[in-house]
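Here is query.cif, consisting of mmCIF, C-alpha atoms:
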```cif
data_run
loop_
_atom_site.label_atom_id
_atom_site.label_comp_id
_atom_site.auth_asym_id
_atom_site.auth_seq_id
_atom_site.Cartn_x
_atom_site.Cartn_y
_atom_site.Cartn_z
CA MET A 17 -20.40 -36.45 16.83
CA PRO A 18 -18.71 -35.20 13.66
CA PHE A 19 -18.11 -31.49 13.19
CA LYS A 20 -20.34 -29.92 10.56
CA LEU A 21 -18.98 -26.77 8.97
CA THR A 22 -21.66 -24.16 8.33
CA PRO A 23 -20.37 -21.46 5.99
CA GLN A 24 -21.47 -17.93 6.81
CA PRO A 25 -20.77 -15.75 3.78
CA PHE A 26 -22.05 -12.20 3.61
CA LYS A 27 -24.44 -10.96 0.96
CA ALA A 28 -22.33 -7.81 0.57
CA ALA A 29 -18.94 -7.79 -1.13
CA ILE A 30 -15.79 -5.70 -1.25
CA LYS A 31 -15.55 -3.90 -4.58
CA GLU A 32 -13.03 -5.30 -7.03
CA VAL A 33 -10.42 -2.78 -8.23
CA GLU A 34 -8.01 -3.58 -11.04
CA VAL A 35 -4.59 -1.92 -11.21
CA GLY A 36 -2.19 -2.11 -14.10
CA CYS A 37 -2.61 -3.37 -17.66
CA GLY A 38 -2.10 -6.60 -19.51
CA ALA A 39 -1.15 -10.00 -18.11
CA LYS A 40 0.48 -8.56 -14.99
CA ALA A 41 -2.55 -6.48 -13.92
CA ILE A 42 -3.73 -7.19 -10.37
CA LYS A 43 -7.20 -7.23 -8.81
CA LEU A 44 -7.82 -6.13 -5.24
CA GLY A 45 -10.93 -6.98 -3.24
CA GLY A 46 -13.92 -8.91 -4.48
CA GLU A 47 -14.34 -11.02 -1.33
CA LYS A 48 -17.58 -11.70 0.56
CA THR A 49 -15.96 -12.86 3.76
CA PHE A 50 -13.45 -11.82 6.41
CA PRO A 51 -9.70 -12.09 5.68
CA PHE A 52 -8.65 -15.66 4.83
CA TYR A 53 -12.06 -17.09 5.84
CA ALA A 54 -11.92 -19.33 2.76
CA PHE A 55 -14.02 -21.88 4.67
CA ASP A 56 -16.93 -19.41 4.59
CA ALA A 57 -16.67 -18.13 1.04
CA GLU A 58 -14.21 -17.99 -1.81
CA MET A 59 -11.66 -15.15 -1.84
CA PRO A 60 -11.39 -14.54 -5.59
CA ASN A 61 -8.33 -12.33 -5.28
CA ALA A 62 -5.51 -13.08 -2.87
CA PRO A 63 -3.99 -10.07 -1.06
CA LYS A 64 -1.13 -8.53 -3.00
CA VAL A 65 2.40 -7.45 -2.06
CA GLY A 66 4.00 -4.28 -3.40
CA VAL A 67 7.71 -3.38 -3.37
CA GLU A 68 8.59 0.18 -2.46
CA ILE A 69 11.48 1.99 -4.11
CA SER A 70 12.49 5.61 -3.64
CA ASP A 71 13.58 8.22 -6.14
CA LEU A 72 16.43 8.92 -3.69
CA GLY A 73 17.78 5.38 -3.85
CA PHE A 74 18.83 3.11 -0.99
CA GLU A 75 21.92 4.75 0.47
CA ASN A 76 20.57 4.69 4.03
CA GLU A 77 18.93 1.26 3.95
CA VAL A 78 20.00 -1.96 5.68
CA ALA A 79 22.49 -4.26 3.98
CA GLY A 80 19.99 -6.75 2.55
CA ILE A 81 18.19 -4.08 0.56
CA LYS A 82 21.45 -2.57 -0.70
CA ASP A 83 22.73 -6.03 -1.64
CA PHE A 84 19.60 -6.84 -3.62
CA TYR A 85 19.96 -3.77 -5.83
CA GLY A 86 23.75 -4.01 -5.91
CA ASP A 87 25.50 -1.25 -7.79
CA VAL A 88 22.30 -0.09 -9.48
CA THR A 89 21.71 3.58 -8.77
CA ASN A 90 19.39 4.39 -11.66
CA VAL A 91 15.81 4.44 -10.38
CA VAL A 92 14.42 2.91 -13.57
CA GLU A 93 16.78 -0.05 -13.23
CA MET A 94 15.84 -0.34 -9.55
CA ALA A 95 12.20 -0.56 -10.58
CA LYS A 96 12.99 -3.40 -12.98
CA LYS A 97 14.72 -5.34 -10.20
CA ALA A 98 11.87 -4.62 -7.79
CA ALA A 99 9.33 -5.90 -10.33
CA ALA A 100 11.31 -9.15 -10.62
CA MET A 101 11.65 -9.63 -6.84
CA GLU A 102 10.36 -12.96 -5.53
CA GLY A 103 6.81 -12.51 -4.27
CA ALA A 104 6.29 -9.04 -5.75
CA ASP A 105 2.92 -8.26 -7.34
CA PHE A 106 3.40 -4.55 -8.05
CA VAL A 107 5.94 -1.74 -7.71
CA VAL A 108 5.54 1.41 -5.63
CA LEU A 109 7.59 4.49 -6.52
CA ARG A 110 7.90 6.91 -3.61
CA LEU A 111 8.73 10.43 -4.83
CA GLU A 112 10.18 11.62 -1.53
CA GLY A 113 12.70 13.79 -3.38
CA ALA A 114 9.88 16.22 -4.16
CA ASP A 115 9.63 17.30 -0.52
CA PRO A 116 10.10 21.10 -0.42
CA ASN A 117 11.78 20.66 2.96
CA GLY A 118 14.25 18.20 1.47
CA VAL A 119 15.75 17.86 -2.00
CA ASN A 120 12.77 19.76 -3.47
CA LYS A 121 12.82 18.15 -6.91
CA SER A 122 10.55 19.83 -9.42
CA VAL A 123 7.16 18.42 -10.33
CA ASP A 124 8.24 17.99 -13.95
CA GLU A 125 11.39 16.06 -12.96
CA CYS A 126 9.42 13.68 -10.74
CA ALA A 127 6.71 13.18 -13.35
CA GLU A 128 9.33 12.41 -15.99
CA LEU A 129 10.83 9.77 -13.70
CA ALA A 130 7.42 8.22 -12.99
CA LYS A 131 6.77 7.98 -16.74
CA ALA A 132 10.17 6.37 -17.35
CA VAL A 133 9.53 3.78 -14.63
CA ALA A 134 6.05 3.00 -15.93
CA ASP A 135 7.38 2.51 -19.45
CA ALA A 136 10.21 0.26 -18.27
CA ILE A 137 8.21 -2.32 -16.29
CA ASP A 138 5.23 -4.52 -17.08
CA ALA A 139 4.17 -4.80 -13.43
CA PRO A 140 1.42 -2.54 -12.07
CA LEU A 141 2.71 0.73 -10.65
CA ALA A 142 1.64 2.76 -7.64
CA ILE A 143 2.94 6.25 -6.90
CA MET A 144 3.47 7.75 -3.44
CA GLY A 145 4.12 11.45 -2.94
CA CYS A 146 6.44 13.24 -0.55
CA LYS A 147 3.97 13.64 2.36
CA ASN A 148 3.75 17.39 1.84
CA ASP A 149 0.06 17.92 1.09
CA GLU A 150 0.51 21.09 -0.94
CA LYS A 151 3.34 19.74 -3.08
CA ASP A 152 1.62 16.39 -3.51
CA GLY A 153 -1.52 18.12 -4.69
CA GLU A 154 0.48 19.53 -7.59
CA LEU A 155 2.84 16.59 -8.07
CA LEU A 156 0.28 13.78 -8.23
CA VAL A 157 -1.88 15.69 -10.69
CA LYS A 158 1.04 15.90 -13.11
CA VAL A 159 2.01 12.27 -12.51
CA SER A 160 -1.58 11.19 -13.21
CA GLU A 161 -1.42 13.02 -16.51
CA VAL A 162 1.86 11.54 -17.76
CA LEU A 163 0.76 8.02 -16.74
CA GLU A 164 -2.49 8.18 -18.69
CA GLY A 165 -3.28 4.73 -20.06
CA LYS A 166 -1.19 2.92 -17.42
CA ASN A 167 -4.06 2.35 -14.95
CA ALA A 168 -1.70 3.24 -12.09
CA MET A 169 -2.62 3.69 -8.43
CA ILE A 170 -2.04 7.21 -7.13
CA LEU A 171 -1.35 7.27 -3.36
CA SER A 172 -2.65 9.26 -1.72
CA ALA A 173 -5.54 11.67 -1.81
CA LYS A 174 -6.18 13.25 1.58
CA GLU A 175 -8.85 15.57 2.85
CA ALA A 176 -6.50 18.49 2.18
CA ASN A 177 -6.00 17.73 -1.53
CA TYR A 178 -8.59 15.13 -2.58
CA LYS A 179 -10.31 17.51 -5.03
CA THR A 180 -7.28 18.04 -7.24
CA ILE A 181 -5.95 14.48 -6.98
CA GLY A 182 -9.37 12.86 -7.26
CA ALA A 183 -10.39 14.94 -10.26
CA SER A 184 -7.13 14.32 -12.12
CA ALA A 185 -6.28 10.73 -11.20
CA GLY A 186 -9.74 9.26 -10.83
CA MET A 187 -11.63 11.20 -13.48
CA ALA A 188 -9.48 12.96 -16.09
CA TYR A 189 -6.70 10.39 -16.56
CA GLY A 190 -8.25 7.04 -15.60
CA GLN A 191 -6.01 6.09 -12.68
CA LYS A 192 -6.97 4.47 -9.38
CA VAL A 193 -7.12 6.76 -6.34
CA GLY A 194 -5.77 5.93 -2.89
CA ALA A 195 -7.91 7.61 -0.23
CA GLU A 196 -5.66 8.20 2.78
CA SER A 197 -7.05 8.79 6.25
CA ALA A 198 -5.61 8.61 9.76
CA VAL A 199 -6.67 5.36 11.48
CA ASP A 200 -10.31 6.33 11.96
CA ILE A 201 -13.28 4.57 10.34
CA ASN A 202 -15.33 7.77 10.24
CA LEU A 203 -12.56 9.71 8.50
CA ALA A 204 -12.09 6.87 6.02
CA LYS A 205 -15.78 6.82 5.16
CA GLN A 206 -15.99 10.61 4.95
CA LEU A 207 -13.15 10.77 2.44
CA ASN A 208 -14.75 8.05 0.31
CA VAL A 209 -18.01 10.01 0.34
CA LEU A 210 -16.22 13.19 -0.69
CA LEU A 211 -14.40 11.46 -3.54
CA THR A 212 -17.54 9.81 -4.92
CA GLN A 213 -19.51 13.04 -4.59
CA LEU A 214 -16.74 14.69 -6.59
CA GLY A 215 -17.39 12.19 -9.36
CA VAL A 216 -14.77 9.51 -8.78
CA LYS A 217 -16.25 6.05 -9.30
CA ALA A 218 -16.26 3.89 -6.16
CA GLU A 219 -14.62 1.13 -8.24
CA SER A 220 -11.64 3.45 -8.77
CA VAL A 221 -10.96 4.01 -5.06
CA VAL A 222 -8.65 2.06 -2.76
CA MET A 223 -8.53 2.97 0.92
CA ASN A 224 -5.32 3.64 2.84
CA CYS A 225 -6.76 3.66 6.35
CA GLY A 226 -3.35 4.34 7.90
CA THR A 227 -1.13 2.10 9.96
CA ALA A 228 1.49 1.95 12.69
CA ALA A 229 4.34 -0.43 13.30
CA ALA A 230 3.48 -3.38 15.52
CA GLY A 231 3.90 -2.33 19.13
CA TYR A 232 3.38 1.36 18.39
CA GLY A 233 -0.31 1.79 19.06
CA TYR A 234 -1.12 -0.91 16.56
CA GLU A 235 -4.30 -1.89 18.41
CA TYR A 236 -5.94 1.22 16.93
CA VAL A 237 -5.01 0.05 13.45
CA ALA A 238 -6.38 -3.46 14.02
CA SER A 239 -9.59 -2.03 15.44
CA THR A 240 -10.04 0.35 12.50
CA LEU A 241 -9.42 -2.33 9.89
CA ASP A 242 -11.68 -4.83 11.66
CA ARG A 243 -14.51 -2.32 12.03
CA THR A 244 -14.17 -1.19 8.43
CA LYS A 245 -14.46 -4.72 7.06
CA ALA A 246 -17.31 -5.56 9.47
CA ALA A 247 -19.29 -2.48 8.40
CA ALA A 248 -18.61 -3.10 4.72
CA LEU A 249 -19.73 -6.72 4.80
CA GLY A 250 -22.04 -7.04 7.80
CA GLN A 251 -23.84 -3.71 7.40
CA ASN A 252 -23.51 -3.49 3.61
CA ASP A 253 -22.00 0.00 3.91
CA ASP A 254 -21.11 0.79 0.31
CA MET A 255 -18.89 3.71 1.32
CA LEU A 256 -16.58 1.30 3.14
CA GLN A 257 -16.57 -1.47 0.54
CA MET A 258 -13.42 -0.30 -1.21
CA PRO A 259 -10.36 -2.59 -0.88
CA ILE A 260 -7.67 -1.54 1.58
CA ILE A 261 -3.97 -0.98 0.86
CA THR A 262 -1.47 -0.49 3.68
CA PRO A 263 2.01 1.06 3.29
CA ILE A 264 3.97 -0.96 5.85
CA SER A 265 7.59 -0.09 5.09
CA THR A 266 7.30 3.67 5.59
CA GLU A 267 6.23 2.99 9.20
CA THR A 268 8.36 0.02 10.21
CA PHE A 269 11.64 1.34 8.83
CA GLY A 270 11.27 4.46 10.96
CA VAL A 271 10.98 2.89 14.42
CA LYS A 272 13.88 2.34 16.80
CA GLU A 273 13.90 -1.44 16.43
CA ALA A 274 14.66 -1.02 12.73
CA ILE A 275 17.06 1.94 12.87
CA ALA A 276 19.05 1.42 16.09
CA SER A 277 22.52 0.16 15.17
CA GLU A 278 24.06 -2.96 16.66
CA ASP A 279 26.76 -0.76 18.21
CA ASP A 280 24.12 1.26 20.06
CA MET A 281 21.94 -1.72 21.03
CA PRO A 282 24.09 -4.88 20.93
CA GLU A 283 21.62 -6.77 23.14
CA TRP A 284 18.95 -6.42 20.42
CA GLY A 285 20.93 -8.46 17.90
CA SER A 286 21.09 -7.92 14.15
CA GLN A 287 19.63 -4.63 12.97
CA GLU A 288 18.63 -6.14 9.65
CA THR A 289 16.84 -9.06 11.28
CA ARG A 290 14.96 -6.62 13.50
CA ALA A 291 13.91 -4.55 10.50
CA ILE A 292 12.64 -7.61 8.63
CA ASP A 293 10.79 -8.85 11.71
CA MET A 294 9.04 -5.51 12.20
CA GLU A 295 8.00 -5.42 8.55
CA VAL A 296 6.76 -9.00 8.43
CA VAL A 297 4.87 -8.89 11.74
CA THR A 298 3.15 -5.62 10.89
CA ALA A 299 2.24 -6.81 7.39
CA ALA A 300 0.84 -10.09 8.72
CA ALA A 301 -1.26 -8.25 11.30
CA CYS A 302 -2.66 -5.85 8.68
CA LEU A 303 -3.52 -8.68 6.30
CA ALA A 304 -5.25 -10.62 9.07
CA SER A 305 -7.22 -7.48 9.96
CA GLY A 306 -8.46 -6.82 6.45
CA SER A 307 -5.85 -5.21 4.22
CA ASN A 308 -6.04 -6.32 0.59
CA ALA A 309 -2.50 -5.21 -0.22
CA VAL A 310 0.64 -4.30 1.70
CA ILE A 311 3.69 -2.32 0.64
CA LEU A 312 7.08 -3.64 1.79
CA ARG A 313 10.72 -2.87 1.16
CA HIS A 314 13.06 -5.74 2.15
CA PRO A 315 13.33 -8.74 -0.25
CA ALA A 316 13.14 -11.18 2.65
CA SER A 317 9.95 -9.53 3.90
CA VAL A 318 8.36 -9.64 0.46
CA ALA A 319 9.16 -13.32 -0.01
CA THR A 320 7.99 -14.24 3.51
CA VAL A 321 4.69 -12.38 3.37
CA SER A 322 3.96 -13.63 -0.14
CA THR A 323 4.52 -17.22 1.02
CA MET A 324 2.28 -16.66 4.05
CA ILE A 325 -0.54 -15.42 1.80
CA LYS A 326 -0.27 -18.45 -0.48
CA GLU A 327 -0.34 -20.84 2.48
CA LEU A 328 -3.43 -19.19 3.95
CA MET A 329 -5.33 -19.14 0.67
#
```
Serialized structure, structure tokens:
Amino acid sequence: MPFKLTPQPFKAAIKEVEVGCGAKAIKLGGEKTFPFYAFDAEMPNAPKVGVEISDLGFENEVAGIKDFYGDVTNVVEMAKKAAAMEGADFVVLRLEGADPNGVNKSVDECAELAKAVADAIDAPLAIMGCKNDEKDGELLVKVSEVLEGKNAMILSAKEANYKTIGASAGMAYGQKVGAESAVDINLAKQLNVLLTQLGVKAESVVMNCGTAAAGYGYEYVASTLDRTKAAALGQNDDMLQMPIITPISTETFGVKEAIASEDDMPEWGSQETRAIDMEVVTAAACLASGSNAVILRHPASVATVSTMIKELM
């Protein structure tokens, strides 16, 4: 008896969010089915891959990342190379130098750099702060202002600073807002509710539901992403129908498998291979669980994950 495929699309859909301007602009979301279930319904927009660069450069990165950027130390030139990387859909500038417990760059200096990067590339741009909620609340407001007209993605608004970031990025200056929560579907929904009640349009919000490197409590991440997509599509929960973006590299490049040297752990093999493996495996798991975009760092990871997406589409 021949197999008869019975498509089961949902009536609900993930909201479509556009980032960037012109021919290189990207669209996230828009699907009416689970990740890569193209046999049930069309996925109008394939998941996207972003390349993370830091305002502090790549001095402490593995060889493959250093080799890709070569002798380039200017962040603007790094951004140009990142935008041209095989498999890259957008560029992510992480302003970690703003951390008051680190280099403590000024808000104006960081905003000036963000503007220079945005002007130098035609790829969509996302901005990450320094993970200090107070400083980011000030920093990302200024960045949103100087990037007016660029349709950038500002990552991330948290419960501690969503009012200032949401009002500036999502309302005053026309950027897209990344709503960051900590691997909990209820927290993710609550933050989306707060942002929309503030006045940010739901079509301007992208969720960062949090992540962990594979093997480091990742089952909580998979569960959160799965439940979020199921509620958005199966229960038509409009406060969970925003597309999901997942910063992979900031997690995977901080775990022991990626940072332990070959001298310290010779039995583990190449440190660079380990770092790539952690990035690729975690990205693949997040995409399979429902992420609409992932942020990576290593050129080999970007190319591999981009190829995987194309094969599955």
>> The residues within 7 Å of (0.5, -2.4, -0.6), using all atoms listed in the file and the coordinates of the file, should be reported as a PyMOL selection string; which are they?
In response: chain A and resi 64-66+261-263+309-311
> Can you list what the PyMOL selection byres ((chain A and resi 71) around 9) grabs from this structure, as a list in words?
Replying inline: Ile69, Ser70, Leu72, Gly73, Phe74, Asn90, Val91, Leu109, Arg110, Leu111, Glu112, Gly113, Cys126 and Leu129 of chain A
Starting from 3 Å padding per side, set up an axis-aligned box that covers all listed atoms of segment 26-33 of chain A and hand over centre and edge lengths in Å, one decimal, as AutoDock Vina command-line options.
```
--center_x -17.4 --center_y -7.5 --center_z -2.3 --size_x 20.0 --size_y 15.4 --size_z 17.8
```
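Look at segment 92-97 of chain A: the protein and nucleic acid residues within 9 Å of it, using only C-alpha atoms and passing over chain neighbours fewer than 6 places away, are Val67, Glu68, Ile69, Gly73, Phe84, Tyr85, Val107, Val108, Leu109, Leu129, Ala130, Ala132, Val133, Ala134, Ala136, Ile137, Asp138 and Ala139 of chain A.
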Could you take the residues named above and write them with C-alpha atoms, as a PDB file, keeping the file's coordinate frame?
```pdb
ATOM      1  CA  VAL A  67       7.710  -3.380  -3.370  1.00  0.00           C
ATOM      2  CA  GLU A  68       8.590   0.180  -2.460  1.00  0.00           C
ATOM      3  CA  ILE A  69      11.480   1.990  -4.110  1.00  0.00           C
ATOM      4  CA  GLY A  73      17.780   5.380  -3.850  1.00  0.00           C
ATOM      5  CA  PHE A  84      19.600  -6.840  -3.620  1.00  0.00           C
ATOM      6  CA  TYR A  85      19.960  -3.770  -5.830  1.00  0.00           C
ATOM      7  CA  VAL A 107       5.940  -1.740  -7.710  1.00  0.00           C
ATOM      8  CA  VAL A 108       5.540   1.410  -5.630  1.00  0.00           C
ATOM      9  CA  LEU A 109       7.590   4.490  -6.520  1.00  0.00           C
ATOM     10  CA  LEU A 129      10.830   9.770 -13.700  1.00  0.00           C
ATOM     11  CA  ALA A 130       7.420   8.220 -12.990  1.00  0.00           C
ATOM     12  CA  ALA A 132      10.170   6.370 -17.350  1.00  0.00           C
ATOM     13  CA  VAL A 133       9.530   3.780 -14.630  1.00  0.00           C
ATOM     14  CA  ALA A 134       6.050   3.000 -15.930  1.00  0.00           C
ATOM     15  CA  ALA A 136      10.210   0.260 -18.270  1.00  0.00           C
ATOM     16  CA  ILE A 137       8.210  -2.320 -16.290  1.00  0.00           C
ATOM     17  CA  ASP A 138       5.230  -4.520 -17.080  1.00  0.00           C
ATOM     18  CA  ALA A 139       4.170  -4.800 -13.430  1.00  0.00           C
TER      19      ALA A 139
END
```
>> Set the distance at 6 Å and use only C-alpha atoms: which residues neighbour Met258 of chain A once local chain neighbours fewer than 6 positions away are removed? I'd like the list as a PyMOL selection string.
In response: chain A and resi 30-31+222
> Any chance you could work out the residue set of the PyMOL selection byres ((chain A and resi 245) around 9) here, as a ChimeraX atom specification?
Replying inline: /A:30,49-51,240-244,246-250,256-257,305-306
Write out, as a compact mmCIF listing (two decimals), in the coordinates of the input, the residues just selected, with C-alpha atoms.
```
# COMPACT_ATOMS: atom_id res chain seq x y z
CA ILE A 30 -15.79 -5.70 -1.25
CA THR A 49 -15.96 -12.86 3.76
CA PHE A 50 -13.45 -11.82 6.41
CA PRO A 51 -9.70 -12.09 5.68
CA THR A 240 -10.04 0.35 12.50
CA LEU A 241 -9.42 -2.33 9.89
CA ASP A 242 -11.68 -4.83 11.66
CA ARG A 243 -14.51 -2.32 12.03
CA THR A 244 -14.17 -1.19 8.43
CA ALA A 246 -17.31 -5.56 9.47
CA ALA A 247 -19.29 -2.48 8.40
CA ALA A 248 -18.61 -3.10 4.72
CA LEU A 249 -19.73 -6.72 4.80
CA GLY A 250 -22.04 -7.04 7.80
CA LEU A 256 -16.58 1.30 3.14
CA GLN A 257 -16.57 -1.47 0.54
CA SER A 305 -7.22 -7.48 9.96
CA GLY A 306 -8.46 -6.82 6.45
```
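Distances to Pro23 of chain A were evaluated for A:Val123, A:Ala41, A:Ala57, A:Leu211 using all atoms listed in the file, and the minimum falls at A:Ala57.
When only C-alpha atoms are used to compute distances to Met223 of chain A, the closest of the residues A:Ala127, A:Met169, A:Ala114, A:Ile42 turns out to be A:Met169.
What the PyMOL selection byres ((chain A and resi 319) around 10) picks from this file is A:Val65, A:Met101, A:Glu102, A:Gly103, A:Ala104, A:Val296, A:His314, A:Pro315, A:Ala316, A:Ser317, A:Val318, A:Thr320, A:Val321, A:Ser322, A:Thr323, A:Met324.
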